[in-house]
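Here is work_6.cif, consisting of mmCIF, C-alpha atoms and all ligand atoms:
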```cif
data_query
loop_
_atom_site.label_atom_id
_atom_site.label_comp_id
_atom_site.auth_asym_id
_atom_site.auth_seq_id
_atom_site.Cartn_x
_atom_site.Cartn_y
_atom_site.Cartn_z
CA MET L 51 -1.73 -15.28 16.06
CA THR L 52 -0.95 -14.17 12.52
CA ARG L 53 1.06 -10.98 12.03
CA ARG L 54 0.48 -8.72 9.05
CA LEU L 55 2.39 -6.01 7.26
CA THR L 56 0.77 -3.63 4.78
CA GLY L 57 2.96 -1.31 2.74
CA PHE L 58 2.19 2.15 1.35
CA GLN L 59 4.21 4.25 -1.05
CA PRO L 60 4.83 7.76 0.26
CA THR L 61 2.67 9.66 -2.16
CA GLY L 62 0.50 12.72 -1.78
CA ASN L 63 -1.96 11.12 -4.20
CA LEU L 64 -3.60 8.56 -1.94
CA HIS L 65 -6.94 7.68 -3.47
CA LEU L 66 -10.18 5.85 -2.83
CA GLY L 67 -8.63 2.59 -4.11
CA ASN L 68 -5.96 2.78 -1.40
CA LEU L 69 -8.61 3.40 1.25
CA ILE L 70 -10.94 0.58 0.21
CA GLY L 71 -8.27 -1.88 -0.91
CA ALA L 72 -5.69 -1.41 1.83
CA MET L 73 -6.49 1.00 4.67
CA ARG L 74 -9.93 -0.25 5.56
CA PRO L 75 -8.88 -3.92 5.66
CA LEU L 76 -6.01 -2.81 7.90
CA VAL L 77 -8.40 -1.01 10.23
CA ALA L 78 -10.82 -3.97 10.19
CA ALA L 79 -8.05 -6.38 11.23
CA GLN L 80 -6.61 -4.38 14.12
CA ASP L 81 -7.35 -7.13 16.60
CA ARG L 82 -4.28 -8.93 15.25
CA PRO L 83 -0.70 -7.62 15.42
CA SER L 84 -0.20 -5.42 12.36
CA ILE L 85 2.37 -3.09 10.92
CA ALA L 86 1.54 -0.27 8.50
CA MET L 87 4.78 0.55 6.73
CA ILE L 88 5.45 3.63 4.65
CA ALA L 89 8.10 2.66 2.11
CA ASP L 90 9.95 5.96 1.93
CA LEU L 91 13.19 4.18 0.98
CA HIS L 92 11.45 2.85 -2.12
CA ALA L 93 10.65 6.41 -3.19
CA LEU L 94 14.38 6.98 -3.68
CA THR L 95 14.66 4.43 -6.48
CA MET L 96 13.44 6.92 -9.09
CA GLU L 97 14.19 10.61 -9.71
CA HIS L 98 12.79 12.34 -6.60
CA ASP L 99 12.59 15.64 -4.81
CA PRO L 100 13.87 15.29 -1.20
CA GLU L 101 11.38 17.75 0.34
CA THR L 102 8.49 16.06 -1.45
CA VAL L 103 9.43 12.60 -0.21
CA ARG L 104 9.74 13.88 3.37
CA ALA L 105 6.41 15.71 3.19
CA ASN L 106 4.65 12.75 1.56
CA THR L 107 5.88 10.35 4.25
CA LEU L 108 4.22 12.53 6.88
CA THR L 109 1.11 12.92 4.72
CA VAL L 110 0.66 9.15 4.42
CA ALA L 111 1.18 8.65 8.17
CA THR L 112 -1.39 11.39 8.83
CA VAL L 113 -3.91 9.90 6.38
CA LEU L 114 -3.51 6.47 8.00
CA LEU L 115 -4.36 7.99 11.38
CA ALA L 116 -7.24 10.00 9.88
CA ALA L 117 -8.61 6.82 8.28
CA GLY L 118 -8.79 5.10 11.64
CA VAL L 119 -5.53 3.20 12.00
CA ASP L 120 -5.03 3.04 15.76
CA PRO L 121 -1.34 3.50 16.60
CA GLN L 122 -1.84 1.78 19.97
CA ARG L 123 -2.64 -1.44 18.13
CA THR L 124 -0.99 -1.05 14.73
CA ALA L 125 2.62 0.07 14.49
CA ILE L 126 2.94 2.82 11.89
CA ILE L 127 6.54 3.00 10.67
CA ALA L 128 8.65 4.45 7.86
CA ASN L 129 11.10 1.83 6.60
CA SER L 130 13.95 4.37 6.57
CA GLN L 131 13.60 4.92 10.30
CA VAL L 132 14.16 1.29 11.24
CA PRO L 133 17.74 0.65 10.13
CA GLU L 134 17.34 -3.11 10.57
CA HIS L 135 15.51 -3.04 7.22
CA THR L 136 18.60 -1.89 5.36
CA GLU L 137 20.95 -4.11 7.32
CA LEU L 138 18.87 -7.15 6.45
CA HIS L 139 18.60 -5.92 2.85
CA TYR L 140 22.34 -6.38 2.32
CA LEU L 141 22.36 -9.81 3.91
CA LEU L 142 19.48 -10.90 1.67
CA GLU L 143 21.25 -9.58 -1.42
CA CYS L 144 23.85 -12.21 -0.67
CA VAL L 145 21.31 -14.96 -1.32
CA THR L 146 19.61 -13.35 -4.34
CA GLY L 147 20.68 -13.81 -7.95
CA TYR L 148 21.18 -10.87 -10.30
CA GLY L 149 18.89 -12.58 -12.81
CA GLU L 150 16.14 -12.93 -10.21
CA ALA L 151 16.11 -9.20 -9.58
CA ALA L 152 16.50 -8.22 -13.24
CA ARG L 153 13.46 -10.17 -14.33
CA MET L 154 11.02 -8.34 -12.05
CA ILE L 155 8.34 -6.81 -14.27
CA GLN L 156 8.37 -3.48 -12.47
CA PHE L 157 12.14 -3.20 -12.94
CA LYS L 158 11.79 -3.92 -16.63
CA GLU L 159 9.00 -1.38 -17.00
CA LYS L 160 10.57 1.40 -14.97
CA SER L 161 14.14 0.90 -16.20
CA GLY L 162 12.89 1.09 -19.78
CA ALA L 163 11.44 4.55 -19.21
CA GLY L 164 14.71 6.29 -20.17
CA GLY L 165 17.26 8.24 -18.11
CA THR L 166 19.68 6.85 -15.57
CA VAL L 167 18.61 3.61 -13.94
CA ARG L 168 19.41 3.69 -10.23
CA LEU L 169 20.94 0.51 -8.88
CA SER L 170 18.38 0.68 -6.08
CA LEU L 171 15.61 0.20 -8.66
CA LEU L 172 17.10 -3.22 -9.39
CA THR L 173 17.58 -4.20 -5.77
CA TYR L 174 14.46 -2.72 -4.17
CA PRO L 175 12.45 -5.97 -4.35
CA VAL L 176 15.17 -7.40 -2.09
CA LEU L 177 14.65 -4.45 0.26
CA MET L 178 10.95 -5.27 0.14
CA ALA L 179 11.80 -8.84 1.14
CA ALA L 180 13.77 -7.40 4.07
CA ASP L 181 10.84 -5.09 4.96
CA ILE L 182 8.68 -8.17 5.37
CA LEU L 183 11.10 -10.77 6.74
CA VAL L 184 12.66 -8.52 9.39
CA HIS L 185 9.32 -8.43 11.26
CA ASP L 186 8.54 -12.18 11.17
CA VAL L 187 5.19 -11.41 9.55
CA ASP L 188 3.28 -14.33 8.11
CA GLN L 189 0.64 -12.47 6.10
CA VAL L 190 1.11 -9.69 3.59
CA PRO L 191 -1.95 -8.21 1.86
CA VAL L 192 -0.82 -7.56 -1.71
CA GLY L 193 -2.38 -6.40 -4.93
CA GLU L 194 -1.53 -8.11 -8.22
CA ASP L 195 1.18 -5.58 -9.01
CA GLN L 196 3.18 -6.66 -5.96
CA SER L 197 2.62 -10.40 -6.13
CA GLN L 198 5.85 -11.06 -8.05
CA HIS L 199 7.81 -9.18 -5.38
CA LEU L 200 6.13 -11.15 -2.61
CA GLU L 201 7.00 -14.36 -4.43
CA LEU L 202 10.65 -13.24 -4.48
CA ALA L 203 10.51 -12.61 -0.73
CA ARG L 204 9.19 -16.14 -0.22
CA THR L 205 11.90 -17.59 -2.47
CA ILE L 206 14.64 -15.71 -0.62
CA ALA L 207 13.31 -16.75 2.80
CA THR L 208 12.97 -20.39 1.78
CA ARG L 209 16.43 -20.48 0.21
CA PHE L 210 18.07 -18.83 3.22
CA ASN L 211 16.37 -21.24 5.62
CA ALA L 212 17.49 -24.23 3.51
CA ARG L 213 21.11 -23.09 3.23
CA TYR L 214 21.77 -21.57 6.62
CA GLY L 215 19.14 -23.04 8.93
CA ALA L 216 15.65 -21.97 9.98
CA THR L 217 15.83 -18.17 10.26
CA PHE L 218 12.79 -16.60 8.61
CA VAL L 219 9.04 -16.98 8.71
CA VAL L 220 7.98 -17.59 5.09
CA PRO L 221 5.22 -15.04 4.46
CA GLU L 222 2.00 -15.71 2.64
CA GLY L 223 0.31 -13.20 0.32
CA ILE L 224 -3.35 -12.61 1.05
CA ARG L 225 -6.21 -10.71 -0.51
CA PRO L 226 -8.04 -8.95 2.31
CA GLU L 227 -11.63 -10.18 2.60
CA SER L 228 -13.24 -6.77 2.39
CA ALA L 229 -11.04 -5.30 -0.34
CA ALA L 230 -12.65 -4.42 -3.63
CA ARG L 231 -10.54 -3.43 -6.59
CA ILE L 232 -11.51 0.11 -7.52
CA MET L 233 -11.14 1.01 -11.18
CA ASP L 234 -10.28 4.33 -12.82
CA LEU L 235 -13.45 6.37 -13.33
CA ALA L 236 -12.29 7.72 -16.68
CA ASP L 237 -10.97 4.36 -17.91
CA PRO L 238 -12.62 1.46 -16.06
CA ALA L 239 -10.33 -1.06 -17.78
CA ARG L 240 -7.45 0.02 -15.51
CA LYS L 241 -7.33 0.25 -11.75
CA MET L 242 -7.49 3.59 -9.98
CA SER L 243 -3.86 4.50 -9.51
CA LYS L 244 -1.75 7.30 -8.14
CA SER L 245 0.34 7.25 -11.30
CA ALA L 246 -2.47 7.43 -13.88
CA PRO L 247 -1.56 9.97 -16.55
CA SER L 248 -4.70 12.00 -15.83
CA PRO L 249 -6.35 12.68 -12.45
CA ALA L 250 -9.77 12.59 -14.17
CA GLY L 251 -10.42 9.02 -13.05
CA ARG L 252 -9.11 9.29 -9.50
CA ILE L 253 -10.82 10.32 -6.27
CA GLY L 254 -8.15 11.67 -3.94
CA LEU L 255 -8.74 11.00 -0.25
CA LEU L 256 -8.23 14.68 0.51
CA ASP L 257 -10.07 16.09 -2.52
CA PRO L 258 -12.64 18.79 -1.77
CA PRO L 259 -16.33 17.82 -2.24
CA GLU L 260 -16.61 19.88 -5.41
CA THR L 261 -13.80 17.91 -7.11
CA ILE L 262 -15.31 14.60 -6.02
CA ARG L 263 -18.69 15.59 -7.44
CA LYS L 264 -17.12 16.63 -10.73
CA VAL L 265 -15.01 13.47 -11.12
CA ILE L 266 -17.98 11.20 -10.41
CA SER L 267 -20.35 13.16 -12.65
CA ARG L 268 -17.90 12.72 -15.53
CA ALA L 269 -17.27 9.02 -14.86
CA VAL L 270 -17.38 6.90 -17.99
CA THR L 271 -20.51 4.75 -18.30
CA ASP L 272 -22.00 3.23 -21.48
CA THR L 273 -25.00 3.47 -23.74
CA ALA L 274 -26.95 0.49 -22.35
CA GLY L 275 -28.94 2.78 -20.07
CA VAL L 276 -29.49 0.05 -17.45
CA VAL L 277 -27.94 0.06 -13.98
CA ARG L 278 -26.67 -3.46 -13.52
CA HIS L 279 -23.64 -5.35 -12.28
CA ASP L 280 -21.82 -6.63 -15.36
CA ARG L 281 -18.04 -6.30 -15.15
CA GLU L 282 -17.45 -7.44 -18.71
CA GLY L 283 -20.27 -5.61 -20.50
CA GLN L 284 -20.65 -2.51 -18.31
CA PRO L 285 -17.33 -1.96 -16.49
CA GLY L 286 -17.92 1.73 -15.70
CA VAL L 287 -21.37 1.23 -14.19
CA THR L 288 -20.18 -1.87 -12.31
CA ASN L 289 -17.28 0.09 -10.83
CA LEU L 290 -19.70 2.80 -9.63
CA LEU L 291 -21.91 0.11 -8.07
CA GLU L 292 -18.91 -1.41 -6.30
CA ILE L 293 -17.81 1.97 -4.98
CA LEU L 294 -21.36 2.54 -3.76
CA ARG L 295 -21.43 -0.82 -2.03
CA ALA L 296 -18.00 -0.35 -0.46
CA CYS L 297 -18.77 3.17 0.76
CA SER L 298 -22.35 2.70 1.94
CA GLY L 299 -21.87 -0.84 3.27
CA ARG L 300 -25.14 -2.04 1.73
CA GLU L 301 -26.54 -3.24 -1.57
CA PRO L 302 -27.80 -0.35 -3.69
CA GLY L 303 -31.57 -0.10 -4.07
CA GLU L 304 -33.38 0.17 -7.39
CA LEU L 305 -31.65 2.83 -9.51
CA THR L 306 -33.23 3.83 -12.77
CA SER L 307 -30.69 6.17 -14.35
CA TYR L 308 -26.96 6.76 -14.49
CA GLY L 309 -27.60 10.23 -13.11
CA ALA L 310 -29.31 8.76 -10.03
CA LEU L 311 -26.47 6.24 -9.63
CA LYS L 312 -23.84 8.98 -9.79
CA ARG L 313 -25.70 11.10 -7.23
CA GLU L 314 -25.88 8.14 -4.82
CA VAL L 315 -22.20 7.37 -5.34
CA THR L 316 -21.25 11.01 -4.74
CA ASP L 317 -23.20 11.10 -1.47
CA ALA L 318 -21.78 7.77 -0.28
CA VAL L 319 -18.17 8.71 -1.11
CA GLU L 320 -18.58 12.12 0.53
CA ALA L 321 -20.01 10.49 3.66
CA VAL L 322 -16.88 8.33 3.91
CA LEU L 323 -14.32 11.00 3.02
CA ALA L 324 -15.70 14.02 4.90
CA PRO L 325 -14.73 12.71 8.37
CA ILE L 326 -11.30 11.61 7.09
CA ARG L 327 -10.70 15.07 5.61
CA ALA L 328 -11.77 16.74 8.86
CA ARG L 329 -9.58 14.49 11.01
CA TYR L 330 -6.67 15.02 8.60
CA ALA L 331 -7.02 18.81 8.96
CA GLU L 332 -6.98 18.48 12.77
CA LEU L 333 -3.96 16.17 12.79
CA SER L 334 -2.05 18.37 10.33
CA GLU L 335 -2.07 21.18 12.86
CA ASP L 336 0.32 19.16 14.99
CA PRO L 337 2.91 17.40 12.79
CA SER L 338 5.00 16.68 15.89
CA HIS L 339 2.25 14.30 17.03
CA VAL L 340 2.54 12.35 13.77
CA ARG L 341 6.31 12.20 14.16
CA GLU L 342 5.81 10.82 17.68
CA VAL L 343 3.50 8.15 16.32
CA LEU L 344 6.26 7.09 13.89
CA ALA L 345 8.82 7.10 16.71
CA LYS L 346 6.56 4.92 18.87
CA GLY L 347 5.92 2.59 15.95
CA LYS L 348 9.64 2.21 15.47
CA ALA L 349 10.22 1.54 19.17
CA SER L 350 7.53 -1.12 19.23
CA VAL L 351 8.85 -3.11 16.25
CA GLN L 352 12.57 -2.68 16.81
CA PRO L 353 13.23 -5.39 19.43
CA ARG L 354 11.93 -8.10 17.13
CA ALA L 355 13.70 -6.63 14.09
CA THR L 356 16.99 -6.49 15.99
CA GLU L 357 16.57 -10.11 16.97
CA THR L 358 15.87 -11.15 13.36
CA VAL L 359 19.01 -9.40 12.15
CA ARG L 360 21.04 -11.00 14.96
CA ARG L 361 19.76 -14.44 13.95
CA THR L 362 20.50 -13.77 10.29
CA ARG L 363 24.03 -12.51 10.94
CA ALA L 364 24.79 -15.56 13.06
CA ALA L 365 23.36 -17.97 10.48
CA ILE L 366 25.20 -16.47 7.50
CA GLY L 367 28.61 -16.45 9.19
CA LEU L 368 29.25 -13.06 10.77
CA LEU L 369 30.78 -12.37 14.16
CA ASP L 370 28.39 -11.17 16.83
P1 LIG X 1 0.33 1.57 -3.58
O1 LIG X 1 0.69 2.75 -2.72
O2 LIG X 1 -0.15 1.92 -4.95
O3 LIG X 1 1.41 0.52 -3.56
O4 LIG X 1 -0.94 0.88 -2.94
C1 LIG X 1 -1.06 0.68 -1.56
C2 LIG X 1 -2.12 -0.34 -1.30
O5 LIG X 1 -3.38 0.07 -1.87
C3 LIG X 1 -1.82 -1.72 -1.89
O6 LIG X 1 -2.17 -2.68 -0.91
C4 LIG X 1 -2.72 -1.81 -3.08
O7 LIG X 1 -3.10 -3.14 -3.37
C5 LIG X 1 -3.92 -0.97 -2.68
N1 LIG X 1 -4.53 -0.36 -3.89
C6 LIG X 1 -3.92 0.48 -4.75
N2 LIG X 1 -4.75 0.83 -5.76
C7 LIG X 1 -5.92 0.16 -5.55
C8 LIG X 1 -7.20 0.11 -6.24
N3 LIG X 1 -7.42 0.81 -7.35
N4 LIG X 1 -8.17 -0.68 -5.72
C9 LIG X 1 -7.97 -1.39 -4.58
N5 LIG X 1 -6.80 -1.37 -3.89
C10 LIG X 1 -5.79 -0.61 -4.35
#
```

Output the structure of this file as structure tokens.
Amino acid sequence: MTRRLTGFQPTGNLHLGNLIGAMRPLVAAQDRPSIAMIADLHALTMEHDPETVRANTLTVATVLLAAGVDPQRTAIIANSQVPEHTELHYLLECVTGYGEAARMIQFKEKSGAGGTVRLSLLTYPVLMAADILVHDVDQVPVGEDQSQHLELARTIATRFNARYGATFVVPEGIRPESAARIMDLADPARKMSKSAPSPAGRIGLLDPPETIRKVISRAVTDTAGVVRHDREGQPGVTNLLEILRACSGREPGELTSYGALKREVTDAVEAVLAPIRARYAELSEDPSHVREVLAKGKASVQPRATETVRRTRAAIGLLD
């Protein structure tokens, strides 16, 4: 059976796009072995506040549970807590070229932002390769922004296997069947993102109902005055229709005004987020439970990860 790994950045700004594009497909596919990985090590590649990273890692784990990820079936892990990730990272650096890492688009973009460039920003796609390869996963749901990094992971795995003998499963990138791409409500030309300069276009998973209502009521539409699905001509309205479909699970009925559309979207989003918010509040009362979930996740994936590292060490020429 196929094994999947889905990665999440440790951010307090998880939004509706993350839920619809990543968490729900994860929940829908829990009949197959899956890992939900919080990439807290990746958060260290840019200027960061230690307490914030720690808190955000727990927040993301808590949101995953609140959104229905079942820790009995899906291992929820933080990559920092499974040291096999970093051990494999170094070994994979030994089969990766400097030029390969330096031409990653995200490295170019983030390293051009000014300030000191951390070496880890250059090498983190190799860590991401290790995150995937250490678990022998064969499917990785990825958005467009991560497809270049997944391609690097495939290149590294293929090269290692060719040079040192069959060691890694070469993973395949997939687009989850049920995942829609949710766009920014204030600027429907860009996707809803945790790093958008303004929160005006983002629906946070833990936002109170009043904020959700406000953000949706101010969503950018157009002057056509017709509610219809037309991604090119009416991107704002189309995005609202897609959110409505994703949240209500059905095709919207006849809607005659943008006001009516926005009211329907608000109700549908609230119906999806209210139970997640409530469950999150319950779970937050007992952070030790969330820490236990991470510890159990680690324990469940570690035997395989240890075996992958052992295989890799042997293949590349290290003593056992
Ligand atoms: P990130 O934490 O931004 O790396 O995103 C985590 C997951 O959510 C990835 O699988 C992304 O593809 C998915 N995701 C992020 N933003 C969106 C969006 N606006 N629409 C759909 N999926 C998204």

Problem - Selection within 7 Å of ligand LIG 1 (chain X) by only C-alpha atoms and all ligand atoms, output as a PyMOL selection string - result: chain L and resi 56-59+67-72+191-193+229-233+241-244

Practice task
Compile the contact shell of L:Tyr148 as a count of residues only: residues with an atom at most 12 Å away, counting all atoms listed in the file, same-chain residues fewer than 2 positions apart removed.
Solution key: 14

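The interatomic distance for the pair atom CA of L:Glu159 and atom CA of L:Ser245 works out to 13.5 Å.
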
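Across the model, the gap from atom CA of L:Gln189 to atom CA of L:Arg54 is 4.8 Å.
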
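You can rank L:Pro302, L:Pro121, L:Gly62, L:Gly223 by their closest distance to L:Asp257 using all atoms listed in the file, and at the top of that list sits L:Gly62.
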
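Distance check against L:Ala321 using only C-alpha atoms: of L:Thr356, L:Thr109, L:Asn129, L:Ser298, the minimum falls on L:Ser298.
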